[in-house]
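> One file: coords-v6.tsv (TSV, C-alpha atoms).
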```tsv
chain	number	residue	atom	x	y	z
A	1	MET	CA	4.36	-4.86	-2.27
A	2	PRO	CA	1.70	-3.38	-4.57
A	3	SER	CA	-0.94	-1.25	-2.85
A	4	THR	CA	-3.69	-2.63	-5.11
A	5	PRO	CA	-3.93	-6.30	-6.16
A	6	TYR	CA	-3.50	-6.96	-9.87
A	7	VAL	CA	-6.84	-8.81	-9.80
A	8	SER	CA	-9.80	-7.53	-7.79
A	9	ALA	CA	-11.80	-9.75	-5.44
A	10	ALA	CA	-14.83	-9.45	-7.74
A	11	ALA	CA	-12.81	-10.55	-10.79
A	12	PHE	CA	-11.39	-13.51	-8.84
A	13	ARG	CA	-14.84	-14.59	-7.72
A	14	ALA	CA	-15.97	-14.57	-11.35
A	15	HIS	CA	-13.10	-16.85	-12.36
A	16	PRO	CA	-14.12	-20.55	-12.49
A	17	THR	CA	-12.08	-21.78	-9.52
A	18	TYR	CA	-15.06	-23.77	-8.12
A	19	LEU	CA	-14.02	-22.90	-4.56
A	20	ASP	CA	-16.21	-21.93	-1.64
A	21	LEU	CA	-15.24	-18.29	-1.08
A	22	ASP	CA	-17.91	-17.50	1.50
A	23	SER	CA	-16.18	-19.14	4.46
A	24	LEU	CA	-12.77	-17.50	4.42
A	25	ARG	CA	-13.62	-15.98	7.80
A	26	PRO	CA	-15.88	-18.46	9.62
A	27	ASP	CA	-16.26	-16.01	12.53
A	28	ASN	CA	-17.71	-13.28	10.33
A	29	PRO	CA	-20.23	-14.08	7.58
A	30	ASP	CA	-20.31	-10.48	6.34
A	31	PRO	CA	-19.51	-10.50	2.57
A	32	ALA	CA	-17.30	-7.45	3.06
A	33	ALA	CA	-15.20	-9.38	5.59
A	34	GLN	CA	-14.88	-12.30	3.17
A	35	ASP	CA	-13.78	-9.94	0.38
A	36	ALA	CA	-11.24	-8.32	2.70
A	37	VAL	CA	-9.56	-11.68	3.30
A	38	LEU	CA	-9.66	-12.50	-0.41
A	39	THR	CA	-8.18	-9.09	-1.28
A	40	ASN	CA	-5.31	-9.73	1.14
A	41	LEU	CA	-4.60	-13.06	-0.56
A	42	LEU	CA	-4.68	-11.40	-3.97
A	43	LEU	CA	-2.23	-8.77	-2.71
A	44	GLN	CA	0.07	-11.55	-1.52
A	45	ALA	CA	-0.22	-13.28	-4.89
A	46	SER	CA	0.52	-10.00	-6.70
A	47	ALA	CA	3.61	-9.44	-4.54
A	48	TRP	CA	4.64	-13.06	-5.22
A	49	ALA	CA	4.38	-12.38	-8.97
A	50	ASP	CA	6.59	-9.30	-8.53
A	51	ASN	CA	9.16	-11.37	-6.65
A	52	GLU	CA	9.09	-14.11	-9.28
A	53	CYS	CA	9.83	-11.51	-11.96
A	54	ASP	CA	12.38	-9.63	-9.81
A	55	GLN	CA	10.59	-6.36	-10.56
A	56	PRO	CA	7.23	-4.69	-9.91
A	57	LEU	CA	4.80	-5.61	-12.67
A	58	GLY	CA	2.36	-2.79	-11.93
A	59	ALA	CA	3.01	0.70	-13.30
A	60	HIS	CA	5.30	2.65	-10.98
A	61	LEU	CA	7.83	5.46	-10.88
A	62	ASN	CA	11.43	4.28	-10.58
A	63	THR	CA	14.65	6.24	-10.09
A	64	GLN	CA	17.81	4.47	-11.22
A	65	LEU	CA	21.36	5.50	-10.33
A	66	THR	CA	24.07	4.23	-12.63
A	67	ARG	CA	27.29	5.05	-14.46
A	68	ALA	CA	27.39	5.30	-18.23
A	69	ARG	CA	29.57	6.58	-21.05
A	70	THR	CA	28.74	9.27	-23.57
A	71	ASP	CA	29.18	8.22	-27.19
A	72	ARG	CA	30.42	10.36	-30.08
A	73	SER	CA	26.90	11.56	-30.82
A	74	GLY	CA	26.42	12.93	-27.32
A	75	MET	CA	24.10	10.09	-26.31
A	76	ILE	CA	23.99	8.10	-23.08
A	77	ARG	CA	22.52	4.61	-23.23
A	78	ILE	CA	21.09	3.06	-20.06
A	79	HIS	CA	19.52	-0.37	-19.61
A	80	ALA	CA	16.44	-0.04	-17.38
A	81	ASP	CA	16.33	-2.06	-14.17
A	82	HIS	CA	12.54	-2.27	-14.48
A	83	GLY	CA	10.41	-2.67	-17.57
A	84	PRO	CA	8.65	-2.12	-19.77
A	85	VAL	CA	9.50	1.57	-19.71
A	86	SER	CA	6.76	3.85	-21.01
A	87	THR	CA	8.05	7.34	-20.18
A	88	VAL	CA	11.29	8.96	-19.03
A	89	THR	CA	10.36	11.78	-16.68
A	90	GLY	CA	13.75	13.04	-15.47
A	91	PHE	CA	17.46	12.78	-16.12
A	92	GLY	CA	20.58	14.13	-14.46
A	93	PHE	CA	24.29	13.62	-15.11
A	94	GLY	CA	27.62	14.82	-13.80
A	95	TRP	CA	31.27	14.10	-13.25
A	96	SER	CA	30.61	13.03	-9.63
A	97	PRO	CA	27.62	11.85	-7.56
A	98	THR	CA	27.54	15.24	-5.79
A	99	SER	CA	27.66	17.30	-9.01
A	100	ILE	CA	24.56	16.27	-10.93
A	101	THR	CA	23.06	18.56	-13.55
A	102	SER	CA	19.37	17.89	-14.16
A	103	LEU	CA	17.80	18.29	-17.59
A	104	ALA	CA	14.43	20.02	-17.41
A	105	SER	CA	13.03	18.22	-20.47
A	106	PRO	CA	15.14	15.15	-21.24
A	107	GLN	CA	14.97	13.95	-24.83
A	108	ALA	CA	14.77	10.19	-24.39
A	109	TRP	CA	14.28	7.32	-26.81
A	110	VAL	CA	13.06	4.01	-25.38
A	111	GLU	CA	13.89	0.83	-27.29
A	112	ASP	CA	11.99	-2.43	-26.66
A	113	GLY	CA	10.78	-1.08	-23.35
A	114	THR	CA	14.16	-1.63	-21.69
A	115	ASN	CA	16.92	0.44	-23.35
A	116	MET	CA	16.82	4.19	-22.81
A	117	VAL	CA	18.83	6.56	-24.99
A	118	VAL	CA	19.16	10.13	-23.71
A	119	GLY	CA	20.62	12.95	-25.79
A	120	LEU	CA	22.89	15.43	-24.03
A	121	GLY	CA	23.23	17.77	-27.02
A	122	GLY	CA	22.44	21.28	-25.83
A	123	ALA	CA	22.74	20.33	-22.17
A	124	SER	CA	25.11	23.25	-21.52
A	125	GLY	CA	23.50	25.66	-23.98
A	126	ALA	CA	21.31	26.01	-27.04
A	127	TRP	CA	21.54	23.14	-29.49
A	128	THR	CA	23.22	24.25	-32.73
A	129	GLY	CA	23.87	20.90	-34.35
A	130	SER	CA	27.28	20.30	-32.81
A	131	LEU	CA	28.05	18.82	-29.42
A	132	GLN	CA	27.95	21.15	-26.45
A	133	LEU	CA	28.77	18.93	-23.52
A	134	GLY	CA	29.66	19.91	-19.99
A	135	PHE	CA	32.62	18.74	-17.93
A	136	GLY	CA	32.77	14.98	-17.54
A	137	THR	CA	30.66	14.20	-20.60
A	138	ALA	CA	33.31	14.00	-23.30
A	139	PRO	CA	32.84	11.04	-25.65
A	140	GLY	CA	33.89	7.81	-23.95
A	141	MET	CA	34.20	9.36	-20.50
A	142	GLU	CA	32.32	7.75	-17.62
A	143	THR	CA	29.44	9.82	-16.28
A	144	PHE	CA	27.30	9.48	-13.18
A	145	ALA	CA	23.67	9.39	-14.22
A	146	ARG	CA	20.30	9.54	-12.46
A	147	ILE	CA	17.27	8.66	-14.54
A	148	THR	CA	13.62	8.55	-13.49
A	149	TYR	CA	11.02	6.73	-15.53
A	150	VAL	CA	7.62	5.04	-15.46
A	151	ALA	CA	7.76	1.27	-15.89
A	152	GLY	CA	5.33	-1.63	-15.63
A	153	HIS	CA	1.72	-2.17	-16.63
A	154	VAL	CA	-1.28	-0.11	-15.56
A	155	ALA	CA	-3.04	-1.88	-12.68
A	156	THR	CA	-5.49	0.34	-10.86
A	157	GLN	CA	-9.20	0.44	-10.00
A	158	LEU	CA	-12.16	2.69	-10.62
A	159	THR	CA	-12.85	4.98	-7.67
A	160	ALA	CA	-16.28	6.22	-8.76
A	161	ALA	CA	-19.30	4.64	-10.38
A	162	SER	CA	-20.25	5.69	-13.90
A	163	THR	CA	-23.25	5.19	-16.17
A	164	ALA	CA	-23.30	3.94	-19.74
A	165	GLY	CA	-22.31	6.72	-22.10
A	166	ALA	CA	-19.73	8.21	-19.75
A	167	THR	CA	-16.83	9.97	-21.46
A	168	THR	CA	-14.67	10.11	-18.33
A	169	LEU	CA	-13.67	7.60	-15.67
A	170	GLN	CA	-12.03	8.19	-12.30
A	171	VAL	CA	-9.14	5.89	-11.39
A	172	ALA	CA	-7.19	5.52	-8.15
A	173	ASP	CA	-3.74	5.67	-9.76
A	174	PRO	CA	-3.06	7.25	-13.17
A	175	THR	CA	0.57	6.07	-13.27
A	176	GLY	CA	1.39	4.62	-16.67
A	177	ILE	CA	-1.89	5.60	-18.34
A	178	GLU	CA	-1.02	7.12	-21.70
A	179	PRO	CA	-3.04	9.31	-24.07
A	180	GLY	CA	-4.41	7.07	-26.81
A	181	GLY	CA	-3.79	3.92	-24.75
A	182	GLN	CA	-6.29	1.07	-24.53
A	183	TYR	CA	-7.24	-0.42	-21.15
A	184	ARG	CA	-9.61	-3.12	-19.94
A	185	ILE	CA	-12.30	-2.73	-17.30
A	186	TRP	CA	-12.53	-6.17	-15.70
A	187	GLU	CA	-15.98	-5.89	-14.15
A	188	PRO	CA	-17.79	-9.26	-14.16
A	189	GLY	CA	-20.71	-9.05	-16.57
A	190	ALA	CA	-19.76	-5.53	-17.65
A	191	GLU	CA	-16.31	-5.94	-19.15
A	192	GLU	CA	-15.22	-3.59	-21.87
A	193	THR	CA	-12.09	-2.05	-23.39
A	194	VAL	CA	-11.80	1.72	-23.36
A	195	THR	CA	-9.43	4.06	-25.19
A	196	VAL	CA	-7.98	7.14	-23.51
A	197	SER	CA	-8.32	10.35	-25.48
A	198	PRO	CA	-5.10	11.41	-27.28
A	199	LEU	CA	-5.81	14.91	-25.94
A	200	TRP	CA	-5.88	13.82	-22.28
A	201	GLN	CA	-3.01	15.29	-20.27
A	202	PRO	CA	-1.67	12.80	-17.70
A	203	PRO	CA	-0.55	14.26	-14.37
A	204	THR	CA	3.12	14.29	-13.46
A	205	PRO	CA	3.96	10.80	-12.14
A	206	THR	CA	4.58	10.63	-8.40
A	207	THR	CA	5.27	7.98	-5.79
A	208	ILE	CA	2.07	9.04	-4.00
A	209	PRO	CA	-0.55	9.12	-6.78
A	210	ALA	CA	-3.99	10.64	-6.35
A	211	ALA	CA	-7.33	9.73	-7.89
A	212	THR	CA	-7.53	11.19	-11.38
A	213	THR	CA	-10.22	11.62	-14.01
A	214	VAL	CA	-9.34	10.09	-17.37
A	215	THR	CA	-10.99	11.30	-20.58
A	216	LEU	CA	-12.05	8.69	-23.17
A	217	THR	CA	-12.22	8.84	-26.95
A	218	SER	CA	-15.73	7.35	-27.00
A	219	PRO	CA	-18.50	6.82	-24.41
A	220	THR	CA	-18.60	3.67	-22.30
A	221	VAL	CA	-21.04	0.96	-23.35
A	222	VAL	CA	-22.30	-0.14	-19.93
A	223	ASP	CA	-22.57	1.06	-16.32
A	224	HIS	CA	-19.56	0.55	-14.06
A	225	ASP	CA	-19.24	0.38	-10.28
A	226	ALA	CA	-16.31	1.58	-8.21
A	227	GLY	CA	-13.69	-0.93	-7.13
A	228	HIS	CA	-13.28	-2.81	-10.41
A	229	ASP	CA	-10.02	-3.20	-12.30
A	230	PHE	CA	-8.94	-0.60	-14.84
A	231	SER	CA	-5.98	-2.43	-16.24
A	232	GLY	CA	-3.30	-2.68	-18.89
A	233	MET	CA	-1.86	-5.76	-17.21
A	234	PRO	CA	-1.44	-8.64	-19.69
A	235	ALA	CA	-4.24	-11.17	-19.33
A	236	ASP	CA	-1.83	-14.04	-18.75
A	237	VAL	CA	-0.22	-12.20	-15.81
A	238	ARG	CA	-3.66	-11.81	-14.30
A	239	LEU	CA	-4.17	-15.55	-14.81
A	240	ALA	CA	-0.89	-16.21	-12.98
A	241	VAL	CA	-2.14	-14.16	-10.00
A	242	VAL	CA	-5.46	-16.04	-10.06
A	243	SER	CA	-3.65	-19.39	-10.23
A	244	TYR	CA	-1.37	-18.63	-7.31
A	245	THR	CA	-4.25	-17.29	-5.20
A	246	THR	CA	-6.21	-20.48	-5.96
A	247	ALA	CA	-3.18	-22.49	-4.87
A	248	LEU	CA	-3.11	-20.59	-1.58
A	249	LEU	CA	-6.75	-21.47	-1.02
A	250	LEU	CA	-6.10	-25.12	-1.89
A	251	ARG	CA	-3.30	-25.53	0.61
A	252	PRO	CA	-3.84	-28.64	2.74
A	253	ASP	CA	-5.08	-28.41	6.30
A	254	THR	CA	-2.05	-30.23	7.69
A	255	SER	CA	1.54	-30.28	6.53
A	256	ALA	CA	1.40	-34.06	6.37
A	257	GLU	CA	-0.92	-33.98	3.36
A	258	ASP	CA	1.46	-32.26	0.97
A	259	GLU	CA	4.77	-30.44	0.72
A	260	PHE	CA	2.91	-27.17	0.05
A	261	PRO	CA	2.84	-25.31	3.42
A	262	ASP	CA	-0.21	-25.67	5.61
A	263	THR	CA	-2.71	-22.89	6.18
A	264	ALA	CA	-5.01	-21.43	8.79
A	265	MET	CA	-7.88	-21.19	6.32
A	266	ALA	CA	-11.14	-22.82	7.34
A	267	SER	CA	-11.50	-26.34	5.95
A	268	THR	CA	-14.84	-25.37	4.40
A	269	THR	CA	-12.92	-23.24	1.93
A	270	ARG	CA	-11.80	-26.42	0.23
A	271	GLY	CA	-14.91	-28.39	1.12
A	272	LYS	CA	-14.84	-31.76	-0.64
A	273	ASP	CA	-12.65	-30.49	-3.46
A	274	SER	CA	-10.82	-33.41	-5.05
A	275	ARG	CA	-7.75	-31.27	-5.75
A	276	ARG	CA	-5.53	-32.01	-2.80
A	277	THR	CA	-2.68	-29.76	-3.88
A	278	GLY	CA	-2.13	-26.41	-5.52
A	279	VAL	CA	1.43	-27.16	-6.63
A	280	GLY	CA	0.38	-27.61	-10.25
A	281	LEU	CA	-1.20	-24.17	-10.25
A	282	VAL	CA	1.98	-22.66	-8.80
A	283	ASP	CA	3.99	-24.29	-11.59
A	284	GLN	CA	1.55	-22.93	-14.14
A	285	ALA	CA	1.86	-19.42	-12.71
A	286	ARG	CA	5.66	-19.63	-12.80
A	287	ARG	CA	5.62	-20.72	-16.45
A	288	ILE	CA	3.43	-17.75	-17.34
A	289	LEU	CA	5.69	-15.28	-15.55
A	290	CYS	CA	8.91	-16.55	-17.17
A	291	SER	CA	8.62	-14.12	-20.07
A	292	TYR	CA	8.07	-11.16	-17.73
A	293	ARG	CA	11.16	-11.67	-15.60
A	294	ARG	CA	13.65	-8.86	-15.27
A	295	VAL	CA	16.50	-8.97	-17.77
A	296	ARG	CA	19.72	-7.61	-16.31
```
Once more with this new file: its structure as structure tokens, please.


Amino acid sequence: MPSTPYVSAAAFRAHPTYLDLDSLRPDNPDPAAQDAVLTNLLLQASAWADNECDQPLGAHLNTQLTRARTDRSGMIRIHADHGPVSTVTGFGFGWSPTSITSLASPQAWVEDGTNMVVGLGGASGAWTGSLQLGFGTAPGMETFARITYVAGHVATQLTAASTAGATTLQVADPTGIEPGGQYRIWEPGAEETVTVSPLWQPPTPTTIPAATTVTLTSPTVVDHDAGHDFSGMPADVRLAVVSYTTALLLRPDTSAEDEFPDTAMASTTRGKDSRRTGVGLVDQARRILCSYRRVR
């Protein structure tokens, strides 16, 4: 399950769902309590989108264990379990699972975001133009391989406010952010697209990321508050998350009304909404996510 929803509560509220979102917790009128419930629903919808696609859609670090064969050029080709792949951060190979040699700086080529080609030339010594392969890596021989890479789309949030003209932004998770990459700040009324400086050095990806300052190529146009989306997630995926969350909020109050499961939400959430079912929105979300499903 993602730790941050792919769509923030503020961005969802700005979407024209025409739902009453101020009564999600009838026992607590505090806006923060309402947003907490909405954030939980958005997390559930984000996890649902991951499950529909059979892979995490948000940027993450993945380690894949597989077996592959070395070709005549000293290359190993591996199809990524998760995609799209942006960076290969580590690679190891060996003649058995207990004898893995790690390459300090793997030379990897990523094709179409899913196929990774790693060169083993020079793995056992200095590269001189001819193959220098260790035991178990002769052309055509099966090799045990361990490859670590960053896959998915950037989906994080700002952790600090900034004023117009800022040349840096602080984000909760830098995973997947690339020098020169363009990302969208989805802050209602203050949306803008920013470009990361080509000179910015991203931190080493980790499974426990820390807040990081990102340098921009040009100053921001408007002020930004903390907690808003800093995202490279495709807009239609965000729409799928919004649609499914709306469907959750539209679930009928009793199972007799519709085949969509009932809910404990307060009835005032739906009010007098004429839409008695969210099934159509679920179908729409599934259609959107079809093109992002994992290809084995």

> Find the residues around A:Pro31 up to 8 Å (all atoms listed in the file counted), leave out those fewer than 3 positions away in its own chain, and share them as a PyMOL selection string.

chain A and resi 22+34-35

> Could you name the residues that touch stretch 84-96 of chain A at 8 Å or less, counting all atoms listed in the file, but leaving out those on the same chain fewer than 2 positions away, as a PDB file with C-alpha atoms, in the frame of the given file?


```pdb
ATOM      1  CA  ALA A  80      16.440  -0.040 -17.380  1.00  0.00           C
ATOM      2  CA  HIS A  82      12.540  -2.270 -14.480  1.00  0.00           C
ATOM      3  CA  THR A  98      27.540  15.240  -5.790  1.00  0.00           C
ATOM      4  CA  SER A  99      27.660  17.300  -9.010  1.00  0.00           C
ATOM      5  CA  ILE A 100      24.560  16.270 -10.930  1.00  0.00           C
ATOM      6  CA  THR A 101      23.060  18.560 -13.550  1.00  0.00           C
ATOM      7  CA  SER A 102      19.370  17.890 -14.160  1.00  0.00           C
ATOM      8  CA  LEU A 103      17.800  18.290 -17.590  1.00  0.00           C
ATOM      9  CA  ALA A 104      14.430  20.020 -17.410  1.00  0.00           C
ATOM     10  CA  SER A 105      13.030  18.220 -20.470  1.00  0.00           C
ATOM     11  CA  PRO A 106      15.140  15.150 -21.240  1.00  0.00           C
ATOM     12  CA  ALA A 108      14.770  10.190 -24.390  1.00  0.00           C
ATOM     13  CA  VAL A 110      13.060   4.010 -25.380  1.00  0.00           C
ATOM     14  CA  ASP A 112      11.990  -2.430 -26.660  1.00  0.00           C
ATOM     15  CA  GLY A 113      10.780  -1.080 -23.350  1.00  0.00           C
ATOM     16  CA  THR A 114      14.160  -1.630 -21.690  1.00  0.00           C
ATOM     17  CA  PHE A 135      32.620  18.740 -17.930  1.00  0.00           C
ATOM     18  CA  GLY A 136      32.770  14.980 -17.540  1.00  0.00           C
ATOM     19  CA  THR A 137      30.660  14.200 -20.600  1.00  0.00           C
ATOM     20  CA  GLU A 142      32.320   7.750 -17.620  1.00  0.00           C
ATOM     21  CA  THR A 143      29.440   9.820 -16.280  1.00  0.00           C
ATOM     22  CA  PHE A 144      27.300   9.480 -13.180  1.00  0.00           C
ATOM     23  CA  ALA A 145      23.670   9.390 -14.220  1.00  0.00           C
ATOM     24  CA  ARG A 146      20.300   9.540 -12.460  1.00  0.00           C
ATOM     25  CA  ILE A 147      17.270   8.660 -14.540  1.00  0.00           C
ATOM     26  CA  THR A 148      13.620   8.550 -13.490  1.00  0.00           C
ATOM     27  CA  TYR A 149      11.020   6.730 -15.530  1.00  0.00           C
ATOM     28  CA  VAL A 150       7.620   5.040 -15.460  1.00  0.00           C
ATOM     29  CA  ALA A 151       7.760   1.270 -15.890  1.00  0.00           C
ATOM     30  CA  GLY A 152       5.330  -1.630 -15.630  1.00  0.00           C
ATOM     31  CA  HIS A 153       1.720  -2.170 -16.630  1.00  0.00           C
ATOM     32  CA  GLY A 176       1.390   4.620 -16.670  1.00  0.00           C
ATOM     33  CA  PRO A 205       3.960  10.800 -12.140  1.00  0.00           C
TER      34      PRO A 205
END
```

> Restricting the calculation to only C-alpha atoms: of A:Glu187, A:Asp27, A:Asp173, A:Asp71, which residue gets closest to A:Ile208?

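Once distances to A:Ile208 are computed over only C-alpha atoms, the minimum belongs to A:Asp173.
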
> Hey, what's within 6 Å of A:Arg184 if we count all atoms listed in the file and toss same-chain stuff fewer than 5 positions away? As an mmCIF file with C-alpha atoms, in the frame of the given file, please?


```cif
data_model
loop_
_atom_site.group_PDB
_atom_site.id
_atom_site.type_symbol
_atom_site.label_atom_id
_atom_site.label_comp_id
_atom_site.auth_asym_id
_atom_site.auth_seq_id
_atom_site.Cartn_x
_atom_site.Cartn_y
_atom_site.Cartn_z
ATOM 1 C CA GLU A 192 -15.220 -3.590 -21.870
ATOM 2 C CA THR A 193 -12.090 -2.050 -23.390
ATOM 3 C CA PHE A 230 -8.940 -0.600 -14.840
ATOM 4 C CA SER A 231 -5.980 -2.430 -16.240
#
```

> Find the residues around A:Pro209 up to 9 Å (all atoms listed in the file counted), leave out those fewer than 3 positions away in its own chain, and share them as a PyMOL selection string.

chain A and resi 172-175+205-206+212

> Restricting the calculation to all atoms listed in the file, which member of A:Ala10, A:Gly278, A:Asp20, A:Arg293 is positioned closest to A:Ala226?

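Using all atoms listed in the file, the shortest distance to A:Ala226 belongs to A:Ala10.
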
> Extending 3 Å beyond the listed atoms of stretch 155-168 of chain A on each side, what axis-aligned box results? I want centre and edge lengths in Å to one decimal, as JSON.


```
{"center_x": -13.2, "center_y": 4.1, "center_z": -14.9, "size_x": 26.3, "size_y": 18.0, "size_z": 20.4}
```

> For atom CA of A:Gly74 and atom CA of A:Pro97, quote the distance in Å rounded to one decimal.

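Atom CA of A:Gly74 sits 19.8 Å away from atom CA of A:Pro97.
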
> Might you pull out every residue within 6 Å of A:Thr168, with only C-alpha atoms counted and same-chain residues fewer than 5 positions away left off, and present them as a list in words?

Val214, Thr215 and Leu216 of chain A
